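J.: File name data39.csv; file contents CSV, C-alpha atoms; full text below.
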```csv
chain,number,residue,atom,x,y,z
X,282,MET,CA,217.1,13.0,21.9
X,283,GLU,CA,220.5,14.0,21.0
X,284,VAL,CA,221.5,17.5,22.3
X,285,GLY,CA,224.5,19.7,22.0
X,286,MET,CA,227.0,19.5,19.1
X,287,LYS,CA,230.1,17.7,18.1
X,288,VAL,CA,232.7,19.8,16.3
X,289,GLY,CA,235.3,18.1,14.0
X,290,ILE,CA,238.6,19.9,13.8
X,291,VAL,CA,240.7,18.9,10.8
X,292,ARG,CA,244.4,18.4,11.5
X,293,PHE,CA,246.7,18.9,8.5
X,294,PRO,CA,250.5,18.7,8.9
X,295,GLY,CA,251.3,22.2,10.0
X,296,SER,CA,248.0,23.0,11.6
X,297,ASN,CA,248.7,24.9,14.9
X,298,CYS,CA,245.4,26.3,16.1
X,299,ASP,CA,243.6,23.0,16.3
X,300,ALA,CA,244.0,22.7,20.1
X,301,ASP,CA,242.8,26.3,20.5
X,302,VAL,CA,239.5,25.5,18.7
X,303,TYR,CA,239.2,22.3,20.7
X,304,ARG,CA,239.4,24.3,24.0
X,305,ALA,CA,237.0,26.9,22.8
X,306,VAL,CA,234.4,24.2,22.1
X,307,THR,CA,235.0,22.1,25.1
X,308,ASP,CA,236.1,24.5,27.8
X,309,GLY,CA,234.3,27.6,26.4
X,310,LEU,CA,231.0,25.9,25.6
X,311,GLY,CA,231.1,22.6,27.3
X,312,GLU,CA,230.4,20.9,24.0
X,313,ARG,CA,232.2,18.0,22.3
X,314,ALA,CA,235.1,18.3,19.8
X,315,THR,CA,237.2,15.7,18.0
X,316,TYR,CA,240.2,15.9,15.8
X,317,LEU,CA,239.9,14.7,12.2
X,318,TRP,CA,243.3,13.6,10.7
X,319,HIS,CA,243.8,14.8,7.2
X,320,LYS,CA,244.4,11.3,5.9
X,321,SER,CA,241.1,10.1,7.2
X,322,THR,CA,238.0,10.0,5.0
X,323,ASP,CA,235.5,9.8,7.9
X,324,LEU,CA,233.9,12.9,9.4
X,325,GLU,CA,232.7,10.8,12.3
X,326,GLY,CA,229.2,12.3,12.2
X,327,VAL,CA,230.2,15.7,13.4
X,328,ASP,CA,227.8,18.6,13.2
X,329,VAL,CA,230.4,21.2,12.3
X,330,VAL,CA,233.7,21.0,10.5
X,331,VAL,CA,236.4,23.5,11.4
X,332,LEU,CA,239.5,24.0,9.3
X,333,PRO,CA,241.9,25.6,11.8
X,334,GLY,CA,244.7,28.0,11.5
X,335,GLY,CA,248.3,27.1,10.9
X,336,PHE,CA,250.7,26.5,8.0
X,337,SER,CA,249.4,23.4,6.4
X,338,TYR,CA,252.1,21.8,4.3
X,339,GLY,CA,254.4,24.6,5.1
X,340,ASP,CA,252.3,27.0,3.0
X,341,TYR,CA,254.3,25.6,0.0
X,342,LEU,CA,253.2,26.7,-3.4
X,343,ARG,CA,250.3,28.8,-2.0
X,344,ALA,CA,248.8,28.9,1.4
X,345,GLY,CA,246.1,26.1,1.5
X,346,ALA,CA,246.8,24.9,-2.0
X,347,ILE,CA,248.2,21.5,-1.0
X,348,ALA,CA,245.9,20.9,2.0
X,349,ARG,CA,242.9,21.4,-0.3
X,350,PHE,CA,243.8,18.0,-1.9
X,351,SER,CA,244.2,16.1,1.4
X,352,PRO,CA,242.1,12.9,1.5
X,353,ILE,CA,239.7,14.3,4.1
X,354,MET,CA,239.0,17.4,2.0
X,355,GLY,CA,236.8,15.3,-0.4
X,356,GLU,CA,234.5,14.6,2.5
X,357,VAL,CA,234.7,18.1,3.8
X,358,ILE,CA,233.7,19.5,0.4
X,359,ASP,CA,230.8,17.1,0.1
X,360,PHE,CA,229.7,18.0,3.7
X,361,ALA,CA,229.9,21.7,2.9
X,362,ARG,CA,228.2,21.5,-0.4
X,363,ALA,CA,225.3,19.5,1.2
X,364,GLY,CA,224.8,22.4,3.6
X,365,GLY,CA,227.0,21.3,6.5
X,366,LEU,CA,228.3,24.0,8.8
X,367,THR,CA,231.9,24.6,7.8
X,368,LEU,CA,234.2,27.2,9.4
X,369,GLY,CA,237.7,28.0,8.1
X,370,ILE,CA,239.9,30.2,10.3
X,371,CYS,CA,243.0,31.8,8.8
X,372,ASN,CA,244.8,29.0,7.0
X,373,GLY,CA,241.3,27.3,7.0
X,374,PHE,CA,239.9,30.3,5.1
X,375,GLN,CA,242.8,30.0,2.6
X,376,VAL,CA,242.0,26.3,2.2
X,377,LEU,CA,238.3,27.0,1.6
X,378,CYS,CA,239.2,29.6,-1.2
X,379,GLU,CA,241.6,27.1,-2.8
X,380,ALA,CA,238.8,24.5,-2.7
X,381,HIS,CA,236.5,27.0,-4.4
X,382,LEU,CA,234.0,26.7,-1.5
X,383,LEU,CA,234.4,30.5,-1.1
X,384,PRO,CA,235.2,33.0,-3.8
X,385,GLY,CA,238.4,35.0,-4.1
X,386,ALA,CA,241.8,34.3,-2.8
X,387,LEU,CA,244.2,35.4,0.0
X,388,VAL,CA,247.5,36.8,-1.0
X,389,ARG,CA,250.6,38.3,0.7
X,390,ASN,CA,249.8,41.1,3.1
X,391,ARG,CA,250.0,44.5,1.4
X,392,ASN,CA,253.1,45.5,3.5
X,393,LEU,CA,254.7,42.0,3.2
X,394,ARG,CA,254.8,41.7,6.9
X,395,PHE,CA,253.5,38.9,9.1
X,396,ARG,CA,250.9,40.6,11.2
X,397,CYS,CA,250.2,39.3,14.7
X,398,HIS,CA,248.1,41.5,16.9
X,399,ASP,CA,244.5,42.2,17.8
X,400,VAL,CA,242.3,43.9,15.3
X,401,GLY,CA,239.0,45.7,15.5
X,402,LEU,CA,236.2,43.8,13.7
X,403,ARG,CA,232.6,44.8,13.0
X,404,VAL,CA,229.9,42.2,12.7
X,405,GLU,CA,228.3,43.0,9.3
X,406,ASN,CA,225.8,40.2,9.3
X,407,ALA,CA,224.4,38.7,12.5
X,408,GLY,CA,222.0,36.5,10.5
X,409,THR,CA,224.4,33.7,9.8
X,410,PRO,CA,224.8,30.4,11.7
X,411,PHE,CA,228.2,31.7,12.8
X,412,THR,CA,227.1,35.1,14.1
X,413,SER,CA,223.6,34.9,15.4
X,414,ALA,CA,224.8,35.3,19.0
X,415,TYR,CA,226.2,38.7,18.1
X,416,GLY,CA,224.3,41.8,17.3
X,417,GLU,CA,224.7,43.6,13.9
X,418,GLY,CA,227.3,46.2,14.2
X,419,ASP,CA,229.0,44.7,17.3
X,420,LEU,CA,232.6,45.7,17.6
X,421,LEU,CA,235.0,43.0,18.5
X,422,HIS,CA,238.7,42.6,19.4
X,423,ILE,CA,240.0,39.5,17.8
X,424,PRO,CA,243.7,38.5,17.1
X,425,ILE,CA,245.1,38.0,13.7
X,426,ALA,CA,248.3,36.1,12.9
X,427,HIS,CA,249.0,35.8,9.2
X,428,GLY,CA,251.3,36.8,6.3
X,429,GLU,CA,248.9,36.0,3.5
X,430,GLY,CA,245.6,37.5,4.5
X,431,GLN,CA,244.9,40.0,1.9
X,432,PHE,CA,241.5,39.1,0.5
X,433,VAL,CA,241.3,39.7,-3.3
X,434,ALA,CA,238.6,39.0,-5.8
X,435,GLU,CA,237.2,40.4,-9.1
X,436,ALA,CA,235.3,43.6,-8.6
X,437,SER,CA,232.2,41.9,-9.9
X,438,THR,CA,232.6,39.2,-7.3
X,439,LEU,CA,233.1,41.8,-4.5
X,440,ASP,CA,230.0,43.6,-5.6
X,441,GLU,CA,228.0,40.3,-5.6
X,442,ILE,CA,229.1,39.3,-2.1
X,443,GLU,CA,228.4,42.8,-0.8
X,444,ALA,CA,225.0,42.9,-2.4
X,445,GLU,CA,224.1,39.5,-0.9
X,446,ASN,CA,225.2,40.6,2.5
X,447,ARG,CA,227.9,37.9,2.6
X,448,VAL,CA,230.6,40.1,4.1
X,449,VAL,CA,230.3,38.9,7.7
X,450,PHE,CA,233.3,40.7,9.4
X,451,ARG,CA,235.1,43.8,8.4
X,452,TYR,CA,238.3,45.4,9.8
X,453,VAL,CA,237.5,48.6,11.5
X,454,ASP,CA,239.0,51.2,13.8
X,455,ARG,CA,238.1,51.9,17.4
X,456,ARG,CA,235.1,54.0,16.2
X,457,GLY,CA,233.9,51.2,14.1
X,458,GLN,CA,234.9,52.8,10.8
X,459,ALA,CA,236.3,50.7,8.0
X,460,THR,CA,239.3,52.9,7.3
X,461,ASP,CA,242.4,52.1,5.4
X,462,ALA,CA,244.5,52.4,8.6
X,463,ALA,CA,242.4,49.8,10.2
X,464,ASN,CA,243.0,47.3,7.4
X,465,PRO,CA,245.9,45.1,8.5
X,466,ASN,CA,246.7,43.4,5.2
X,467,GLY,CA,245.2,45.4,2.4
X,468,SER,CA,242.1,43.3,2.0
X,469,ALA,CA,239.6,44.5,-0.6
X,470,ARG,CA,236.9,46.7,1.1
X,471,ASN,CA,238.4,45.8,4.6
X,472,ILE,CA,236.9,42.3,4.3
X,473,ALA,CA,237.9,40.0,7.1
X,474,GLY,CA,235.4,37.2,6.7
X,475,ILE,CA,232.8,36.0,4.2
X,476,VAL,CA,230.1,33.3,3.8
X,477,ASN,CA,229.1,31.4,0.7
X,478,ALA,CA,225.8,32.1,-1.0
X,479,GLU,CA,224.0,29.5,1.0
X,480,GLY,CA,225.4,30.8,4.2
X,481,ASN,CA,226.7,27.6,5.7
X,482,ILE,CA,230.4,28.1,5.0
X,483,LEU,CA,232.4,30.9,6.7
X,484,GLY,CA,236.0,31.8,6.1
X,485,LEU,CA,237.7,34.5,8.2
X,486,MET,CA,241.3,35.5,8.8
X,487,PRO,CA,241.0,36.6,12.4
X,488,HIS,CA,241.1,33.9,15.2
X,489,PRO,CA,237.9,33.9,17.3
X,490,GLU,CA,239.1,30.8,19.2
X,491,ARG,CA,242.0,32.8,20.6
X,492,HIS,CA,239.6,35.1,22.3
X,493,SER,CA,237.1,32.6,23.6
X,494,LEU,CA,238.0,32.0,27.2
X,495,SER,CA,238.3,34.4,30.0
X,496,VAL,CA,241.7,33.0,30.9
X,497,LEU,CA,242.8,34.4,27.5
X,498,GLY,CA,241.8,37.9,28.6
X,499,ASN,CA,239.0,38.3,26.1
X,500,THR,CA,235.9,36.3,25.1
X,501,ASP,CA,234.8,38.3,22.1
X,502,GLY,CA,235.2,35.3,19.8
X,503,LEU,CA,233.2,32.8,21.8
X,504,ALA,CA,229.9,33.9,20.3
X,505,VAL,CA,231.0,32.4,17.0
X,506,PHE,CA,230.9,28.9,18.6
X,507,GLN,CA,227.7,29.8,20.6
X,508,SER,CA,226.1,30.7,17.3
X,509,LEU,CA,227.1,27.4,15.8
X,510,LEU,CA,225.6,25.6,18.8
X,511,ALA,CA,222.4,27.5,18.3
X,512,ALA,CA,222.4,26.7,14.6
X,513,VAL,CA,223.0,23.0,15.3
X,514,SER,CA,220.2,22.9,17.9
X,515,ARG,CA,217.9,24.7,15.4
X,516,GLY,CA,218.8,22.2,12.7
X,517,ARG,CA,217.6,19.4,15.0
X,518,ASP,CA,214.4,21.1,15.7
X,519,HIS,CA,213.8,21.7,12.0
X,520,PRO,CA,215.6,19.0,10.1
X,521,GLY,CA,216.1,19.9,6.5
X,522,ASP,CA,216.3,23.6,7.2
X,523,ARG,CA,220.0,24.2,7.5
X,524,ARG,CA,219.9,27.7,6.1
X,525,THR,CA,219.8,29.8,9.2
X,526,ASP,CA,219.7,33.4,8.2
X,527,ALA,CA,216.3,33.6,9.9
X,528,ALA,CA,215.8,35.2,13.3
X,529,PRO,CA,217.9,34.0,16.3
X,530,PRO,CA,216.5,31.1,18.3
X,531,GLU,CA,213.5,31.8,20.5
X,532,ALA,CA,214.8,30.7,23.9
X,533,PRO,CA,217.7,28.3,23.9
X,534,GLU,CA,218.8,27.3,27.3
X,535,PHE,CA,222.3,28.9,26.9
X,536,ALA,CA,220.9,32.2,25.8
X,537,ALA,CA,221.4,33.9,29.1
X,538,GLY,CA,225.2,33.3,29.1
X,539,ALA,CA,225.5,33.5,25.4
X,540,VAL,CA,226.2,37.1,25.0
X,541,ALA,CA,227.8,37.6,28.4
X,542,GLY,CA,231.3,37.5,27.0
X,543,ALA,CA,230.5,38.6,23.5
X,544,GLY,CA,229.2,41.9,22.2
X,545,VAL,CA,231.0,45.1,22.3
X,546,SER,CA,234.4,45.4,23.7
X,547,SER,CA,236.2,48.7,23.9
F,246,MET,CA,257.9,7.5,-28.3
F,247,SER,CA,257.7,8.4,-24.7
F,248,ARG,CA,260.5,10.3,-23.1
F,249,VAL,CA,261.1,12.9,-20.4
F,250,TRP,CA,260.7,16.5,-21.3
F,251,SER,CA,261.9,19.4,-19.3
F,252,VAL,CA,259.0,21.8,-18.8
F,253,ASP,CA,259.1,25.3,-17.3
F,254,VAL,CA,256.0,26.9,-15.8
F,255,ARG,CA,256.2,30.6,-15.2
F,256,VAL,CA,253.6,31.8,-12.8
F,257,THR,CA,253.0,35.6,-12.4
F,258,PRO,CA,250.5,37.7,-10.5
F,259,ARG,CA,247.5,38.4,-12.7
F,260,GLU,CA,247.1,41.8,-14.2
F,261,GLY,CA,245.3,44.1,-11.8
F,262,ILE,CA,246.3,42.0,-8.7
F,263,LEU,CA,248.4,44.0,-6.3
F,264,ASP,CA,251.9,42.5,-6.2
F,265,PRO,CA,253.5,43.8,-3.0
F,266,ALA,CA,256.7,41.8,-3.5
F,267,GLY,CA,257.2,43.2,-7.0
F,268,GLU,CA,256.4,46.7,-5.7
F,269,THR,CA,259.0,46.3,-2.9
F,270,ILE,CA,261.6,45.3,-5.4
F,271,ARG,CA,260.8,48.3,-7.6
F,272,ARG,CA,261.2,50.7,-4.7
F,273,ALA,CA,264.5,49.0,-3.7
F,274,LEU,CA,265.8,49.4,-7.2
F,275,GLY,CA,264.8,53.1,-7.1
F,276,ASN,CA,266.8,53.5,-3.8
F,277,LEU,CA,269.8,51.9,-5.5
F,278,GLY,CA,269.6,54.6,-8.2
F,279,TYR,CA,268.1,52.5,-11.0
F,280,GLU,CA,265.8,55.1,-12.6
F,281,GLY,CA,263.0,54.4,-15.0
F,282,VAL,CA,261.9,51.0,-13.6
F,283,HIS,CA,258.2,51.6,-14.0
F,284,SER,CA,256.9,48.2,-12.8
F,285,VAL,CA,258.2,45.0,-11.3
F,286,ARG,CA,256.0,41.8,-11.1
F,287,ALA,CA,257.4,39.0,-9.0
F,288,GLY,CA,256.4,35.4,-9.8
F,289,ARG,CA,257.8,32.0,-9.6
F,290,LEU,CA,259.4,29.5,-12.0
F,291,ILE,CA,258.5,25.8,-11.5
F,292,ARG,CA,260.6,23.3,-13.5
F,293,LEU,CA,259.2,19.9,-14.1
F,294,GLU,CA,260.6,16.7,-15.8
F,295,VAL,CA,257.5,15.2,-17.5
F,296,GLU,CA,257.3,12.0,-19.3
F,297,ALA,CA,255.2,12.3,-22.4
F,298,ASP,CA,254.9,11.1,-26.0
F,299,GLY,CA,255.9,14.5,-27.4
F,300,PRO,CA,256.4,18.2,-26.5
F,301,GLU,CA,252.7,19.0,-27.2
F,302,ALA,CA,251.6,16.2,-24.9
F,303,ALA,CA,254.0,17.4,-22.2
F,304,VAL,CA,252.6,20.9,-22.5
F,305,ALA,CA,249.0,19.6,-22.4
F,306,SER,CA,249.5,17.5,-19.3
F,307,THR,CA,251.4,20.3,-17.5
F,308,GLU,CA,248.6,22.8,-18.3
F,309,LYS,CA,246.2,20.4,-16.7
F,310,MET,CA,248.4,20.4,-13.6
F,311,CYS,CA,248.5,24.2,-13.7
F,312,GLU,CA,244.7,24.4,-13.7
F,313,GLN,CA,244.3,22.0,-10.8
F,314,LEU,CA,247.2,22.9,-8.6
F,315,ILE,CA,250.3,24.8,-9.8
F,316,ALA,CA,248.5,28.1,-10.4
F,317,ASN,CA,245.5,29.7,-8.9
F,318,PRO,CA,243.7,31.3,-11.9
F,319,ILE,CA,241.9,33.8,-9.7
F,320,ILE,CA,245.2,35.5,-8.9
F,321,GLU,CA,247.8,34.1,-11.2
F,322,ASP,CA,248.6,33.7,-14.9
F,323,TYR,CA,250.9,31.0,-16.1
F,324,VAL,CA,252.9,30.1,-19.2
F,325,VAL,CA,254.1,26.6,-20.0
F,326,ARG,CA,257.2,26.0,-22.1
F,327,VAL,CA,259.2,22.9,-23.1
F,328,ARG,CA,262.9,23.7,-22.6
F,329,GLU,CA,264.5,21.3,-25.0
F,330,GLY,CA,263.5,19.7,-28.2
```
Show the structure stored in the file as structure tokens.
T.:
Amino acid sequence: MEVGMKVGIVRFPGSNCDADVYRAVTDGLGERATYLWHKSTDLEGVDVVVLPGGFSYGDYLRAGAIARFSPIMGEVIDFARAGGLTLGICNGFQVLCEAHLLPGALVRNRNLRFRCHDVGLRVENAGTPFTSAYGEGDLLHIPIAHGEGQFVAEASTLDEIEAENRVVFRYVDRRGQATDAANPNGSARNIAGIVNAEGNILGLMPHPERHSLSVLGNTDGLAVFQSLLAAVSRGRDHPGDRRTDAAPPEAPEFAAGAVAGAGVSS
Amino acid sequence: MSRVWSVDVRVTPREGILDPAGETIRRALGNLGYEGVHSVRAGRLIRLEVEADGPEAAVASTEKMCEQLIANPIIEDYVVRVREG
């Protein structure tokens, strides 16, 4: 029986966090990862697709707007719409919004500055395939690095994603409060990451892969990838059930180490 | 008869969308002593040379391009105009 997971990391011209995600999956988890070239139309049977950070196509026109029409994106969109686990980080989040796989858009930071530093994040929903290894309300330190990370959407859309518990991460201060001062880019309601209605597509501006190895000084982000591994394993146990907002897995073999590096960091 | 038309697309931030670039320009103008500038919205102009059977056809095909790529209707409005007759 096949075990573990294989993560496909899409490389657009201008992607620059692809190797970081690769190392998070291989060194951080001991799982398999492969790069998927943007001109390819073959997802190579991966269990998870990651659209990594960077400046695809130089961010020309709008961030993510050109990448969204790369040849591989047709496959990625089909995969995601069919329930495949799809993670967009930073530029990848922008691509997912441009592809209408996630609602809203990401525009210039409120203060017009490129922000590159750690932020405080609160886990708002630990019932997703991307966050099951966290606890609800966990506070994380995760780096951001973006100039266009201000999440905007119609008020009705914001109300809808809030009501459906689809805000997964929110920018917070050291006390865990979603204050204006803790909001690095002016995002509506301090939103840092959201999932689609089905829960299988996550977009977030912060970079969990940059805090996924102890050598990086912090492993707060590793649980995103541990959660994905748990979701993939669960999917094998229960084929057809890809929606994973249910309880965390009973006793996966990695559970002991799963939260060691994750959880609250202060 | 098909010919090349010069088409301008003006893309601006949608009403209600915060425009930090425009707001920064407005503040800078205030600092320079220009009173009474109540609002600045900063967009972009995209100029295309489009082959089409007539100006209406040029506008129609450019509008399709706007819907698909040139503008993001969630955050931007656009106006398409043929420059020469």
J.: Just how far from CA of Phe411 in chain X is CA of Asn481 in chain X, in Å to one decimal?
T.: 8.3 Å
J.: Could you please give me, as a PyMOL selection string, the residues of protein, DNA or RNA lying at most 9 Å from (231.9, 33.1, 15.1) in the coordinate frame of the file, considering all atoms listed in the file?
T.: chain X and resi 368+410-415+483+489-490+502-509
J.: Quick one: distance from CA of Val513 in chain X to CA of Glu479 in chain X in Å, one decimal?
T.: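 That distance, rounded to one decimal, is 15.7 Å.
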J.: List as an mmCIF file with C-alpha atoms, in the frame of the given file the protein and nucleic acid residues near Gly345 in chain X, meaning an atom at most 12 Å away when all atoms listed in the file are counted, but skip any in the same chain fewer than 4 places from it.
T.:
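Contents of part-v1.cif, freshly written:
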```
data_model
loop_
_atom_site.group_PDB
_atom_site.id
_atom_site.type_symbol
_atom_site.label_atom_id
_atom_site.label_comp_id
_atom_site.auth_asym_id
_atom_site.auth_seq_id
_atom_site.Cartn_x
_atom_site.Cartn_y
_atom_site.Cartn_z
ATOM 1 C CA PHE X 293 246.700 18.900 8.500
ATOM 2 C CA PRO X 294 250.500 18.700 8.900
ATOM 3 C CA GLY X 295 251.300 22.200 10.000
ATOM 4 C CA SER X 296 248.000 23.000 11.600
ATOM 5 C CA LEU X 332 239.500 24.000 9.300
ATOM 6 C CA PRO X 333 241.900 25.600 11.800
ATOM 7 C CA GLY X 334 244.700 28.000 11.500
ATOM 8 C CA GLY X 335 248.300 27.100 10.900
ATOM 9 C CA PHE X 336 250.700 26.500 8.000
ATOM 10 C CA SER X 337 249.400 23.400 6.400
ATOM 11 C CA TYR X 338 252.100 21.800 4.300
ATOM 12 C CA GLY X 339 254.400 24.600 5.100
ATOM 13 C CA ASP X 340 252.300 27.000 3.000
ATOM 14 C CA TYR X 341 254.300 25.600 0.000
ATOM 15 C CA ARG X 349 242.900 21.400 -0.300
ATOM 16 C CA PHE X 350 243.800 18.000 -1.900
ATOM 17 C CA SER X 351 244.200 16.100 1.400
ATOM 18 C CA MET X 354 239.000 17.400 2.000
ATOM 19 C CA GLY X 369 237.700 28.000 8.100
ATOM 20 C CA ILE X 370 239.900 30.200 10.300
ATOM 21 C CA CYS X 371 243.000 31.800 8.800
ATOM 22 C CA ASN X 372 244.800 29.000 7.000
ATOM 23 C CA GLY X 373 241.300 27.300 7.000
ATOM 24 C CA PHE X 374 239.900 30.300 5.100
ATOM 25 C CA GLN X 375 242.800 30.000 2.600
ATOM 26 C CA VAL X 376 242.000 26.300 2.200
ATOM 27 C CA LEU X 377 238.300 27.000 1.600
ATOM 28 C CA CYS X 378 239.200 29.600 -1.200
ATOM 29 C CA GLU X 379 241.600 27.100 -2.800
ATOM 30 C CA ALA X 380 238.800 24.500 -2.700
ATOM 31 C CA HIS X 381 236.500 27.000 -4.400
ATOM 32 C CA ALA X 386 241.800 34.300 -2.800
ATOM 33 C CA LEU X 387 244.200 35.400 0.000
ATOM 34 C CA VAL X 388 247.500 36.800 -1.000
ATOM 35 C CA GLU X 429 248.900 36.000 3.500
ATOM 36 C CA GLY X 430 245.600 37.500 4.500
ATOM 37 C CA LEU F 314 247.200 22.900 -8.600
ATOM 38 C CA ASN F 317 245.500 29.700 -8.900
#
```
J.: Would you pick out the contacts of Ala478 in chain X at 9 Å or less, using all atoms listed in the file, so that residues sharing its chain but fewer than 6 positions from it are not included, and give the list as a list of chain:residue names?
T.: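 Non-adjacent residues within range: X:Leu383, X:Ile442, X:Glu445, X:Arg447.
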J.: Please save C-alpha atoms of the selected residues as an mmCIF file, in the coordinates of the input.
T.:
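Just written: out-v2.cif:
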```
data_model
loop_
_atom_site.group_PDB
_atom_site.id
_atom_site.type_symbol
_atom_site.label_atom_id
_atom_site.label_comp_id
_atom_site.auth_asym_id
_atom_site.auth_seq_id
_atom_site.Cartn_x
_atom_site.Cartn_y
_atom_site.Cartn_z
ATOM 1 C CA LEU X 383 234.400 30.500 -1.100
ATOM 2 C CA ILE X 442 229.100 39.300 -2.100
ATOM 3 C CA GLU X 445 224.100 39.500 -0.900
ATOM 4 C CA ARG X 447 227.900 37.900 2.600
#
```
J.: Nearest to chain F among X:Ile425, X:Val449, X:Val433, X:Leu510, with distances taken over only C-alpha atoms: which residue is it?
T.: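 Using only C-alpha atoms, the shortest distance to chain F belongs to X:Val433.
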J.: Using only C-alpha atoms, determine which residues lie at most 9 Å from Ile291 in chain F, disregarding the query and same-chain residues fewer than 4 positions distant; provide the list as a list of chain:residue names.
T.: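 Answer for this query is F:Val252, F:Asp253, F:Val254, F:Arg255, F:Val256, F:Ile315.
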J.: Would you mind listing, as a list in words, all residues of chain X that have at least one atom within 8 Å of chain F, where all atoms listed in the file are what counts?
T.: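 Listed by rising number, the hits are Leu342, Ala346, Ile347, Glu379, Gly385, Ala386, Arg389, Asn390, Arg391, Asn392, Leu393, Val433 and Ala434 of chain X.
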J.: Tell me, in Å to one decimal, how far CA of Thr307 in chain F is from CA of Ala348 in chain X.
T.: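 Computed distance, CA of Thr307 in chain F to CA of Ala348 in chain X, equals 20.3 Å.
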J.: With only C-alpha atoms as the counted atoms, please give the residues lying no more than 10 Å from Leu317 in chain X, apart from itself and same-chain residues fewer than 4 positions off, as a VMD selection string.
T.: chain X and resid 288 to 293 299 321 to 325 327 330 to 332 353
J.: Keeping only C-alpha atoms, write the selected residues to a file as a tab-separated table (two decimals), in the coordinates of the input.
T.:
```tsv
chain	number	residue	atom	x	y	z
X	288	VAL	CA	232.70	19.80	16.30
X	289	GLY	CA	235.30	18.10	14.00
X	290	ILE	CA	238.60	19.90	13.80
X	291	VAL	CA	240.70	18.90	10.80
X	292	ARG	CA	244.40	18.40	11.50
X	293	PHE	CA	246.70	18.90	8.50
X	299	ASP	CA	243.60	23.00	16.30
X	321	SER	CA	241.10	10.10	7.20
X	322	THR	CA	238.00	10.00	5.00
X	323	ASP	CA	235.50	9.80	7.90
X	324	LEU	CA	233.90	12.90	9.40
X	325	GLU	CA	232.70	10.80	12.30
X	327	VAL	CA	230.20	15.70	13.40
X	330	VAL	CA	233.70	21.00	10.50
X	331	VAL	CA	236.40	23.50	11.40
X	332	LEU	CA	239.50	24.00	9.30
X	353	ILE	CA	239.70	14.30	4.10
```
J.: Kindly extract all protein, DNA and RNA residues lying within 12 Å of the coordinates (261.7, 26.7, -22.5) given in the file, considering all atoms listed in the file, and supply them as a list of chain:residue names.
T.: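 Protein and nucleic acid residues near the point are F:Trp250, F:Ser251, F:Val252, F:Asp253, F:Val254, F:Arg255, F:Leu290, F:Ile291, F:Arg292, F:Leu293, F:Pro300, F:Val304, F:Val324, F:Val325, F:Arg326, F:Val327, F:Arg328, F:Glu329, F:Gly330.
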